[in-house]
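Here's upload-v9.pdb, which has PDB, C-alpha atoms, pLDDT in the B column:
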ATOM      1  CA  MET S   1       0.719  11.688  15.860  1.00 92.00           C
ATOM      2  CA  ASN S   2       3.052  13.403  13.387  1.00 95.00           C
ATOM      3  CA  VAL S   3       2.644  13.327   9.620  1.00 96.00           C
ATOM      4  CA  TYR S   4       5.218  14.809   7.241  1.00 96.00           C
ATOM      5  CA  CYS S   5       3.722  15.790   3.902  1.00 97.00           C
ATOM      6  CA  CYS S   6       4.276  17.710   0.692  1.00 96.00           C
ATOM      7  CA  GLN S   7       2.063  20.507  -0.652  1.00 96.00           C
ATOM      8  CA  GLU S   8       0.026  18.042  -2.709  1.00 97.00           C
ATOM      9  CA  HIS S   9      -0.918  15.828   0.266  1.00 98.00           C
ATOM     10  CA  VAL S  10      -1.399  18.397   3.043  1.00 97.00           C
ATOM     11  CA  GLU S  11      -5.203  18.056   3.005  1.00 97.00           C
ATOM     12  CA  MET S  12      -4.929  14.281   3.285  1.00 97.00           C
ATOM     13  CA  ALA S  13      -2.587  14.617   6.279  1.00 97.00           C
ATOM     14  CA  LEU S  14      -4.905  17.117   7.987  1.00 97.00           C
ATOM     15  CA  ASP S  15      -7.863  14.773   7.512  1.00 97.00           C
ATOM     16  CA  GLU S  16      -5.879  11.813   8.863  1.00 96.00           C
ATOM     17  CA  VAL S  17      -4.864  13.635  12.059  1.00 96.00           C
ATOM     18  CA  VAL S  18      -8.432  14.836  12.668  1.00 97.00           C
ATOM     19  CA  TYR S  19      -9.786  11.323  12.107  1.00 96.00           C
ATOM     20  CA  GLU S  20      -7.178   9.537  14.252  1.00 95.00           C
ATOM     21  CA  CYS S  21      -6.890  12.024  17.132  1.00 95.00           C
ATOM     22  CA  GLU S  22     -10.286  13.752  17.038  1.00 95.00           C
ATOM     23  CA  THR S  23      -8.598  17.112  17.712  1.00 93.00           C
ATOM     24  CA  TYR S  24      -7.583  20.133  15.704  1.00 94.00           C
ATOM     25  CA  PRO S  25      -4.291  19.531  13.902  1.00 96.00           C
ATOM     26  CA  VAL S  26      -1.299  21.839  14.139  1.00 96.00           C
ATOM     27  CA  LEU S  27       0.280  22.661  10.787  1.00 97.00           C
ATOM     28  CA  THR S  28       3.913  23.819  10.817  1.00 96.00           C
ATOM     29  CA  LEU S  29       6.674  24.110   8.269  1.00 96.00           C
ATOM     30  CA  VAL S  30       9.434  21.506   8.339  1.00 93.00           C
ATOM     31  CA  PRO S  31      12.608  23.205   9.661  1.00 88.00           C
ATOM     32  CA  GLU S  32      15.212  24.045   7.010  1.00 87.00           C
ATOM     33  CA  GLU S  33      17.779  21.642   8.484  1.00 85.00           C
ATOM     34  CA  ASN S  34      15.352  18.697   8.097  1.00 81.00           C
ATOM     35  CA  LYS S  35      13.965  19.489   4.650  1.00 78.00           C
ATOM     36  CA  LEU S  36      16.579  17.593   2.649  1.00 80.00           C
ATOM     37  CA  SER S  37      16.193  14.332   4.552  1.00 87.00           C
ATOM     38  CA  THR S  38      12.436  14.324   5.206  1.00 92.00           C
ATOM     39  CA  THR S  39      10.041  12.947   2.606  1.00 94.00           C
ATOM     40  CA  CYS S  40       6.278  12.979   2.322  1.00 96.00           C
ATOM     41  CA  GLU S  41       4.592   9.991   3.946  1.00 96.00           C
ATOM     42  CA  TYR S  42       2.244   9.620   0.957  1.00 97.00           C
ATOM     43  CA  CYS S  43       4.776   9.929  -1.867  1.00 97.00           C
ATOM     44  CA  ARG S  44       8.530  10.421  -2.322  1.00 92.00           C
ATOM     45  CA  ASN S  45       8.471  14.217  -2.677  1.00 94.00           C
ATOM     46  CA  MET S  46      10.228  16.467  -0.200  1.00 95.00           C
ATOM     47  CA  ALA S  47       8.088  17.194   2.888  1.00 96.00           C
ATOM     48  CA  ILE S  48       7.163  20.817   3.404  1.00 96.00           C
ATOM     49  CA  TYR S  49       4.723  20.506   6.313  1.00 97.00           C
ATOM     50  CA  LEU S  50       4.512  18.712   9.636  1.00 96.00           C
ATOM     51  CA  VAL S  51       0.926  18.012  10.687  1.00 97.00           C
ATOM     52  CA  ALA S  52       0.646  17.088  14.366  1.00 96.00           C
ATOM     53  CA  ASN S  53      -1.952  16.814  17.104  1.00 91.00           C
TER      54      ASN S  53
END

How would this structure read if it were set down as structure tokens?
Amino acid sequence: MNVYCCQEHVEMALDEVVYECETYPVLTLVPEENKLSTTCEYCRNMAIYLVAN
């Protein structure tokens, strides 16, 4: 499971990954080359983080 999110929704994404996967999430920054085209999955802001299991 991968969730792209902005600063405002990072806690929501972390909670979702923990709930869905029942494991510790891995929080990484979105690579610079993907920042312009990747949006938050909860709003339309630019994604800063990738939360994965």

Edge lengths and centre in Å, axis-aligned, region 18-34 of chain S plus 3 Å each side, as JSON:
{"center_x": 3.7, "center_y": 16.8, "center_z": 12.4, "size_x": 34.1, "size_y": 20.6, "size_z": 16.7}

Taking 2 positions as the minimum chain separation for residues in the same chain, which residues sit within 12 Å of Met46 (chain S) when counting all atoms listed in the file? Answer as number ranges by chain. S: 4-9, 29-30, 32, 34-44, 48-50

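Between CA of Val17 (chain S) and CA of Ala47 (chain S) the interatomic distance comes to 16.3 Å.
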
Around (-3.9, 16.8, 5.7) in the file's own coordinates, what residues are found within 9 Å if you use only C-alpha atoms, given back as JSON, numbers by chain? {"S": [3, 5, 9, 10, 11, 12, 13, 14, 15, 16, 17, 18, 25, 27, 51]}

Incomplete region 10-24 of chain S filled out to N, CA and C atoms as a PDB file, in the coordinates of the input:
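So selection33.pdb came out as:
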ATOM      1  N   VAL S  10      -1.155  17.755   1.751  1.00 97.00           N
ATOM      2  CA  VAL S  10      -1.399  18.397   3.043  1.00 97.00           C
ATOM      3  C   VAL S  10      -2.845  18.201   3.505  1.00 97.00           C
ATOM      4  N   GLU S  11      -3.806  18.258   2.615  1.00 97.00           N
ATOM      5  CA  GLU S  11      -5.203  18.056   3.005  1.00 97.00           C
ATOM      6  C   GLU S  11      -5.434  16.639   3.506  1.00 97.00           C
ATOM      7  N   MET S  12      -4.808  15.670   2.873  1.00 97.00           N
ATOM      8  CA  MET S  12      -4.929  14.281   3.285  1.00 97.00           C
ATOM      9  C   MET S  12      -4.354  14.092   4.692  1.00 97.00           C
ATOM     10  N   ALA S  13      -3.212  14.717   4.956  1.00 97.00           N
ATOM     11  CA  ALA S  13      -2.587  14.617   6.279  1.00 97.00           C
ATOM     12  C   ALA S  13      -3.452  15.279   7.346  1.00 97.00           C
ATOM     13  N   LEU S  14      -4.014  16.444   7.037  1.00 97.00           N
ATOM     14  CA  LEU S  14      -4.905  17.117   7.987  1.00 97.00           C
ATOM     15  C   LEU S  14      -6.114  16.243   8.313  1.00 97.00           C
ATOM     16  N   ASP S  15      -6.715  15.652   7.298  1.00 97.00           N
ATOM     17  CA  ASP S  15      -7.863  14.773   7.512  1.00 97.00           C
ATOM     18  C   ASP S  15      -7.492  13.564   8.360  1.00 97.00           C
ATOM     19  N   GLU S  16      -6.318  12.991   8.115  1.00 96.00           N
ATOM     20  CA  GLU S  16      -5.879  11.813   8.863  1.00 96.00           C
ATOM     21  C   GLU S  16      -5.695  12.130  10.350  1.00 96.00           C
ATOM     22  N   VAL S  17      -5.080  13.260  10.659  1.00 96.00           N
ATOM     23  CA  VAL S  17      -4.864  13.635  12.059  1.00 96.00           C
ATOM     24  C   VAL S  17      -6.195  13.898  12.752  1.00 96.00           C
ATOM     25  N   VAL S  18      -7.114  14.580  12.086  1.00 97.00           N
ATOM     26  CA  VAL S  18      -8.432  14.836  12.668  1.00 97.00           C
ATOM     27  C   VAL S  18      -9.156  13.519  12.921  1.00 97.00           C
ATOM     28  N   TYR S  19      -9.103  12.610  11.976  1.00 96.00           N
ATOM     29  CA  TYR S  19      -9.786  11.323  12.107  1.00 96.00           C
ATOM     30  C   TYR S  19      -9.181  10.481  13.228  1.00 96.00           C
ATOM     31  N   GLU S  20      -7.859  10.387  13.276  1.00 95.00           N
ATOM     32  CA  GLU S  20      -7.178   9.537  14.252  1.00 95.00           C
ATOM     33  C   GLU S  20      -7.226  10.115  15.667  1.00 95.00           C
ATOM     34  N   CYS S  21      -7.051  11.409  15.812  1.00 95.00           N
ATOM     35  CA  CYS S  21      -6.890  12.024  17.132  1.00 95.00           C
ATOM     36  C   CYS S  21      -8.124  12.765  17.622  1.00 95.00           C
ATOM     37  N   GLU S  22      -9.055  13.028  16.720  1.00 95.00           N
ATOM     38  CA  GLU S  22     -10.286  13.752  17.038  1.00 95.00           C
ATOM     39  C   GLU S  22     -10.005  15.105  17.700  1.00 95.00           C
ATOM     40  N   THR S  23      -8.948  15.771  17.239  1.00 93.00           N
ATOM     41  CA  THR S  23      -8.598  17.112  17.712  1.00 93.00           C
ATOM     42  C   THR S  23      -8.201  17.958  16.513  1.00 93.00           C
ATOM     43  N   TYR S  24      -8.064  19.250  16.754  1.00 94.00           N
ATOM     44  CA  TYR S  24      -7.583  20.133  15.704  1.00 94.00           C
ATOM     45  C   TYR S  24      -6.102  19.862  15.445  1.00 94.00           C
TER      46      TYR S  24
END
